[in-house]
Structures are given as structure tokens and as C-alpha cells.
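Q: Here you go, protein33.cif (mmCIF, N, CA and C atoms):
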```cif
data_my_file
loop_
_atom_site.label_atom_id
_atom_site.label_comp_id
_atom_site.auth_asym_id
_atom_site.auth_seq_id
_atom_site.Cartn_x
_atom_site.Cartn_y
_atom_site.Cartn_z
N MET G 19 35.65 -34.08 -9.45
CA MET G 19 36.68 -35.05 -9.80
C MET G 19 38.01 -34.35 -10.11
N GLY G 20 37.94 -33.23 -10.79
CA GLY G 20 39.15 -32.49 -11.11
C GLY G 20 39.85 -31.97 -9.88
N ASN G 21 39.05 -31.61 -8.85
CA ASN G 21 39.64 -31.13 -7.61
C ASN G 21 40.42 -32.24 -6.92
N LEU G 22 39.92 -33.47 -6.95
CA LEU G 22 40.62 -34.60 -6.36
C LEU G 22 41.94 -34.85 -7.06
N ILE G 23 41.95 -34.76 -8.37
CA ILE G 23 43.19 -34.94 -9.13
C ILE G 23 44.19 -33.83 -8.79
N ALA G 24 43.69 -32.61 -8.62
CA ALA G 24 44.57 -31.50 -8.23
C ALA G 24 45.16 -31.76 -6.85
N TRP G 25 44.38 -32.29 -5.90
CA TRP G 25 44.88 -32.61 -4.57
C TRP G 25 45.99 -33.65 -4.65
N ILE G 26 45.78 -34.67 -5.47
CA ILE G 26 46.76 -35.74 -5.60
C ILE G 26 48.07 -35.20 -6.19
N ILE G 27 47.95 -34.39 -7.23
CA ILE G 27 49.16 -33.83 -7.85
C ILE G 27 49.87 -32.90 -6.88
N LEU G 28 49.11 -32.07 -6.17
CA LEU G 28 49.70 -31.19 -5.18
C LEU G 28 50.36 -32.00 -4.06
N GLY G 29 49.72 -33.08 -3.64
CA GLY G 29 50.28 -33.94 -2.60
C GLY G 29 51.58 -34.61 -3.05
N LEU G 30 51.63 -35.04 -4.29
CA LEU G 30 52.86 -35.65 -4.81
C LEU G 30 54.00 -34.65 -4.81
N LEU G 31 53.71 -33.46 -5.26
CA LEU G 31 54.73 -32.41 -5.28
C LEU G 31 55.15 -32.05 -3.86
N ALA G 32 54.19 -31.88 -2.97
CA ALA G 32 54.50 -31.52 -1.58
C ALA G 32 55.29 -32.62 -0.89
N GLY G 33 54.94 -33.87 -1.14
CA GLY G 33 55.67 -34.99 -0.54
C GLY G 33 57.12 -35.05 -0.96
N ALA G 34 57.36 -34.83 -2.24
CA ALA G 34 58.73 -34.86 -2.74
C ALA G 34 59.55 -33.72 -2.14
N ILE G 35 58.98 -32.53 -2.09
CA ILE G 35 59.71 -31.39 -1.53
C ILE G 35 59.92 -31.57 -0.03
N ALA G 36 58.88 -32.03 0.68
CA ALA G 36 59.00 -32.22 2.12
C ALA G 36 60.04 -33.27 2.48
N LYS G 37 60.10 -34.33 1.70
CA LYS G 37 61.09 -35.37 1.98
C LYS G 37 62.50 -34.86 1.73
N ALA G 38 62.65 -33.94 0.78
CA ALA G 38 63.96 -33.34 0.53
C ALA G 38 64.34 -32.36 1.64
N ILE G 39 63.35 -31.70 2.24
CA ILE G 39 63.61 -30.71 3.28
C ILE G 39 63.81 -31.37 4.64
N TYR G 40 63.02 -32.39 4.95
CA TYR G 40 63.02 -33.00 6.28
C TYR G 40 64.37 -33.64 6.56
N PRO G 41 64.98 -33.33 7.70
CA PRO G 41 66.32 -33.87 7.98
C PRO G 41 66.30 -35.36 8.29
N GLY G 42 67.39 -36.03 8.01
CA GLY G 42 67.50 -37.46 8.30
C GLY G 42 66.99 -38.31 7.16
N THR G 43 67.06 -39.61 7.38
CA THR G 43 66.58 -40.54 6.38
C THR G 43 65.26 -41.13 6.85
N GLN G 44 64.32 -41.16 5.97
CA GLN G 44 63.02 -41.73 6.27
C GLN G 44 62.89 -43.04 5.51
N GLY G 45 62.19 -43.96 6.13
CA GLY G 45 61.94 -45.22 5.45
C GLY G 45 60.90 -45.04 4.37
N GLY G 46 60.79 -46.04 3.55
CA GLY G 46 59.78 -45.99 2.50
C GLY G 46 60.36 -45.45 1.21
N GLY G 47 59.77 -45.85 0.15
CA GLY G 47 60.23 -45.42 -1.16
C GLY G 47 59.32 -44.36 -1.73
N ILE G 48 59.17 -44.41 -3.03
CA ILE G 48 58.38 -43.41 -3.73
C ILE G 48 56.90 -43.52 -3.39
N LEU G 49 56.40 -44.72 -3.15
CA LEU G 49 54.99 -44.89 -2.79
C LEU G 49 54.70 -44.25 -1.44
N ALA G 50 55.58 -44.46 -0.47
CA ALA G 50 55.40 -43.84 0.85
C ALA G 50 55.46 -42.32 0.74
N THR G 51 56.37 -41.81 -0.07
CA THR G 51 56.47 -40.37 -0.28
C THR G 51 55.19 -39.81 -0.87
N MET G 52 54.64 -40.50 -1.85
CA MET G 52 53.41 -40.04 -2.48
C MET G 52 52.25 -40.04 -1.49
N LEU G 53 52.12 -41.11 -0.74
CA LEU G 53 51.01 -41.21 0.21
C LEU G 53 51.14 -40.18 1.33
N LEU G 54 52.35 -40.01 1.87
CA LEU G 54 52.56 -39.02 2.91
C LEU G 54 52.36 -37.60 2.38
N GLY G 55 52.71 -37.37 1.15
CA GLY G 55 52.47 -36.06 0.54
C GLY G 55 50.99 -35.76 0.40
N ILE G 56 50.23 -36.75 -0.02
CA ILE G 56 48.78 -36.56 -0.16
C ILE G 56 48.14 -36.36 1.21
N VAL G 57 48.53 -37.18 2.19
CA VAL G 57 48.02 -37.01 3.56
C VAL G 57 48.44 -35.65 4.09
N GLY G 58 49.67 -35.27 3.85
CA GLY G 58 50.16 -33.97 4.30
C GLY G 58 49.43 -32.81 3.67
N SER G 59 49.02 -32.97 2.43
CA SER G 59 48.25 -31.93 1.77
C SER G 59 46.92 -31.73 2.48
N PHE G 60 46.30 -32.82 2.88
CA PHE G 60 45.05 -32.71 3.63
C PHE G 60 45.29 -32.12 5.03
N ILE G 61 46.38 -32.51 5.69
CA ILE G 61 46.71 -31.95 7.01
C ILE G 61 46.95 -30.44 6.88
N GLY G 62 47.72 -30.06 5.90
CA GLY G 62 48.00 -28.64 5.68
C GLY G 62 46.74 -27.85 5.36
N GLY G 63 45.87 -28.42 4.55
CA GLY G 63 44.61 -27.75 4.24
C GLY G 63 43.73 -27.61 5.45
N ALA G 64 43.70 -28.62 6.30
CA ALA G 64 42.90 -28.56 7.53
C ALA G 64 43.45 -27.49 8.47
N LEU G 65 44.77 -27.44 8.64
CA LEU G 65 45.38 -26.42 9.49
C LEU G 65 45.15 -25.02 8.94
N PHE G 66 45.24 -24.89 7.63
CA PHE G 66 45.02 -23.60 6.99
C PHE G 66 43.58 -23.13 7.21
N SER G 67 42.62 -24.03 7.05
CA SER G 67 41.22 -23.64 7.26
C SER G 67 40.96 -23.33 8.72
N LEU G 68 41.61 -24.05 9.64
CA LEU G 68 41.45 -23.77 11.07
C LEU G 68 41.99 -22.38 11.42
N LEU G 69 43.13 -22.03 10.86
CA LEU G 69 43.74 -20.73 11.15
C LEU G 69 43.00 -19.58 10.49
N THR G 70 42.45 -19.79 9.31
CA THR G 70 41.81 -18.68 8.59
C THR G 70 40.33 -18.53 8.91
N THR G 71 39.62 -19.63 9.15
CA THR G 71 38.18 -19.55 9.38
C THR G 71 37.77 -19.91 10.79
N GLY G 72 38.64 -20.56 11.54
CA GLY G 72 38.30 -20.98 12.88
C GLY G 72 37.56 -22.31 12.94
N THR G 73 37.35 -22.94 11.80
CA THR G 73 36.70 -24.25 11.76
C THR G 73 37.66 -25.26 11.14
N LEU G 74 37.55 -26.48 11.61
CA LEU G 74 38.42 -27.54 11.10
C LEU G 74 37.71 -28.26 9.96
N VAL G 75 38.21 -28.07 8.75
CA VAL G 75 37.64 -28.69 7.56
C VAL G 75 38.76 -29.47 6.89
N PHE G 76 38.52 -30.75 6.62
CA PHE G 76 39.55 -31.57 5.99
C PHE G 76 39.45 -31.45 4.48
N SER G 77 40.19 -30.51 3.96
CA SER G 77 40.31 -30.31 2.52
C SER G 77 41.69 -29.72 2.29
N THR G 78 42.07 -29.63 1.06
CA THR G 78 43.38 -29.03 0.79
C THR G 78 43.24 -27.54 0.64
N ALA G 79 44.35 -26.86 0.81
CA ALA G 79 44.37 -25.42 0.56
C ALA G 79 44.24 -25.22 -0.94
N ALA G 80 44.06 -24.01 -1.35
CA ALA G 80 43.90 -23.72 -2.78
C ALA G 80 45.08 -24.28 -3.56
N PRO G 81 44.85 -25.28 -4.38
CA PRO G 81 45.98 -25.91 -5.08
C PRO G 81 46.56 -25.03 -6.18
N PHE G 82 47.79 -25.29 -6.48
CA PHE G 82 48.51 -24.68 -7.60
C PHE G 82 48.65 -23.17 -7.48
N ASN G 83 48.81 -22.71 -6.25
CA ASN G 83 49.31 -21.36 -6.03
C ASN G 83 50.38 -21.47 -4.96
N ILE G 84 51.14 -20.44 -4.77
CA ILE G 84 52.28 -20.51 -3.85
C ILE G 84 51.82 -20.83 -2.43
N GLY G 85 50.77 -20.17 -1.98
CA GLY G 85 50.27 -20.42 -0.63
C GLY G 85 49.81 -21.86 -0.44
N GLY G 86 49.10 -22.39 -1.42
CA GLY G 86 48.62 -23.78 -1.34
C GLY G 86 49.77 -24.77 -1.31
N ILE G 87 50.79 -24.51 -2.09
CA ILE G 87 51.95 -25.41 -2.12
C ILE G 87 52.71 -25.35 -0.79
N ILE G 88 52.88 -24.15 -0.25
CA ILE G 88 53.60 -24.01 1.02
C ILE G 88 52.84 -24.71 2.14
N VAL G 89 51.53 -24.53 2.20
CA VAL G 89 50.72 -25.18 3.22
C VAL G 89 50.77 -26.70 3.06
N ALA G 90 50.73 -27.18 1.84
CA ALA G 90 50.81 -28.62 1.59
C ALA G 90 52.18 -29.17 1.99
N ILE G 91 53.23 -28.43 1.74
CA ILE G 91 54.58 -28.87 2.13
C ILE G 91 54.69 -28.94 3.65
N ILE G 92 54.17 -27.93 4.34
CA ILE G 92 54.19 -27.96 5.80
C ILE G 92 53.40 -29.15 6.33
N GLY G 93 52.25 -29.40 5.72
CA GLY G 93 51.46 -30.57 6.12
C GLY G 93 52.18 -31.87 5.85
N ALA G 94 52.89 -31.95 4.72
CA ALA G 94 53.64 -33.16 4.40
C ALA G 94 54.81 -33.36 5.36
N ILE G 95 55.45 -32.28 5.78
CA ILE G 95 56.52 -32.40 6.78
C ILE G 95 55.95 -32.92 8.09
N ILE G 96 54.77 -32.43 8.47
CA ILE G 96 54.12 -32.94 9.69
C ILE G 96 53.80 -34.42 9.54
N ALA G 97 53.30 -34.81 8.37
CA ALA G 97 52.96 -36.22 8.13
C ALA G 97 54.21 -37.10 8.19
N ILE G 98 55.32 -36.64 7.62
CA ILE G 98 56.58 -37.40 7.67
C ILE G 98 57.06 -37.52 9.11
N TRP G 99 56.96 -36.44 9.87
CA TRP G 99 57.37 -36.46 11.28
C TRP G 99 56.52 -37.45 12.07
N LEU G 100 55.20 -37.41 11.86
CA LEU G 100 54.32 -38.36 12.56
C LEU G 100 54.63 -39.80 12.14
N TRP G 101 54.90 -40.01 10.87
CA TRP G 101 55.24 -41.35 10.37
C TRP G 101 56.53 -41.84 11.00
N SER G 102 57.52 -40.94 11.13
CA SER G 102 58.79 -41.36 11.73
C SER G 102 58.60 -41.70 13.21
N LEU G 103 57.74 -40.98 13.91
CA LEU G 103 57.44 -41.32 15.31
C LEU G 103 56.77 -42.70 15.39
N PHE G 104 55.85 -42.97 14.50
CA PHE G 104 55.13 -44.23 14.51
C PHE G 104 56.04 -45.41 14.17
N THR G 105 56.90 -45.24 13.17
CA THR G 105 57.76 -46.35 12.76
C THR G 105 58.91 -46.59 13.74
N ARG G 106 59.35 -45.58 14.47
CA ARG G 106 60.40 -45.78 15.47
C ARG G 106 59.87 -46.59 16.64
N ARG G 107 58.64 -46.34 17.06
CA ARG G 107 58.06 -47.08 18.18
C ARG G 107 57.75 -48.51 17.78
N ALA G 108 57.43 -48.72 16.51
CA ALA G 108 57.10 -50.07 16.07
C ALA G 108 58.35 -50.93 15.92
N ALA G 109 59.49 -50.31 15.66
CA ALA G 109 60.73 -51.05 15.42
C ALA G 109 61.43 -51.45 16.69
#
```
Would you write the structure of this file as C-alpha cells?

A:
Amino acid sequence: MGNLIAWIILGLLAGAIAKAIYPGTQGGGILATMLLGIVGSFIGGALFSLLTTGTLVFSTAAPFNIGGIIVAIIGAIIAIWLWSLFTRRAA
């Protein structure tokens, strides 16, 4: 249970940083940022596990260290980019 809470907190932090880094304006408010950050944390963790172990595992990278935060931010940027592609086609 504590690990899930750490993922959520890491995702919130990653989402806020990624939204500040990602160029342009994205739709959605704080709730969208939080959800995309959490999703991005999982995407980043999956990519990190694929690159380091060669297997695709959907989990977050080690939370609350510099590497885990960077991977989560990269994943959140990917999630924001995918979200912007999806919302542009829907509009």
C-alpha cells in the first residue's frame, strides 16, 4: 500500500514538472495534470524496466530518487504528448 502512495506522489510531482516543461498549452486542469503524471510515472517505469532488464513490466521506477523522478517526468511528458494527439483528433 505504501508503494502505491509513493507512485501517486511521484506521479503528481512528475506531472507538474512535465506540464511546466512541455511546450505549448495543454487542456485540462489540475486533475488532468495529476492523472497524466500518474500514468506517465507508470509509462516511465515500464520504459526503464524494458531498457534495464529487457522485459516490459508496468511499475514505476524507484520512487523518490533522482533517477526515478527523471524517468517519471519523461513518462509524464510522453503521456502529455499522447493526450495532446488524442484530443486534437477528437476536436

Q: When the PyMOL selection byres (((chain G and resi 92-109 and name CA) around 10) and name CA) is applied to the file above, which residues end up in the set, as number ranges by chain?

A: G: 29-41, 43-45, 50-66, 78, 86-91

Q: If I take atom CA of G:Ile26 and atom CA of G:Leu69, how far is one from the other in Å, to one decimal?

A: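 Computing the Euclidean distance for atom CA of G:Ile26 and atom CA of G:Leu69 yields 22.7 Å.
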
Q: Rounded to one decimal, what separation in Å do you get between atom CA of G:Leu68 and atom C of G:Leu49?

A: 27.4 Å

Q: Measure the distance from atom N of G:Gly72 to atom C of G:Ile27 in Å and round it to one decimal.

A: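 Here the two named atoms are 24.9 Å from each other.
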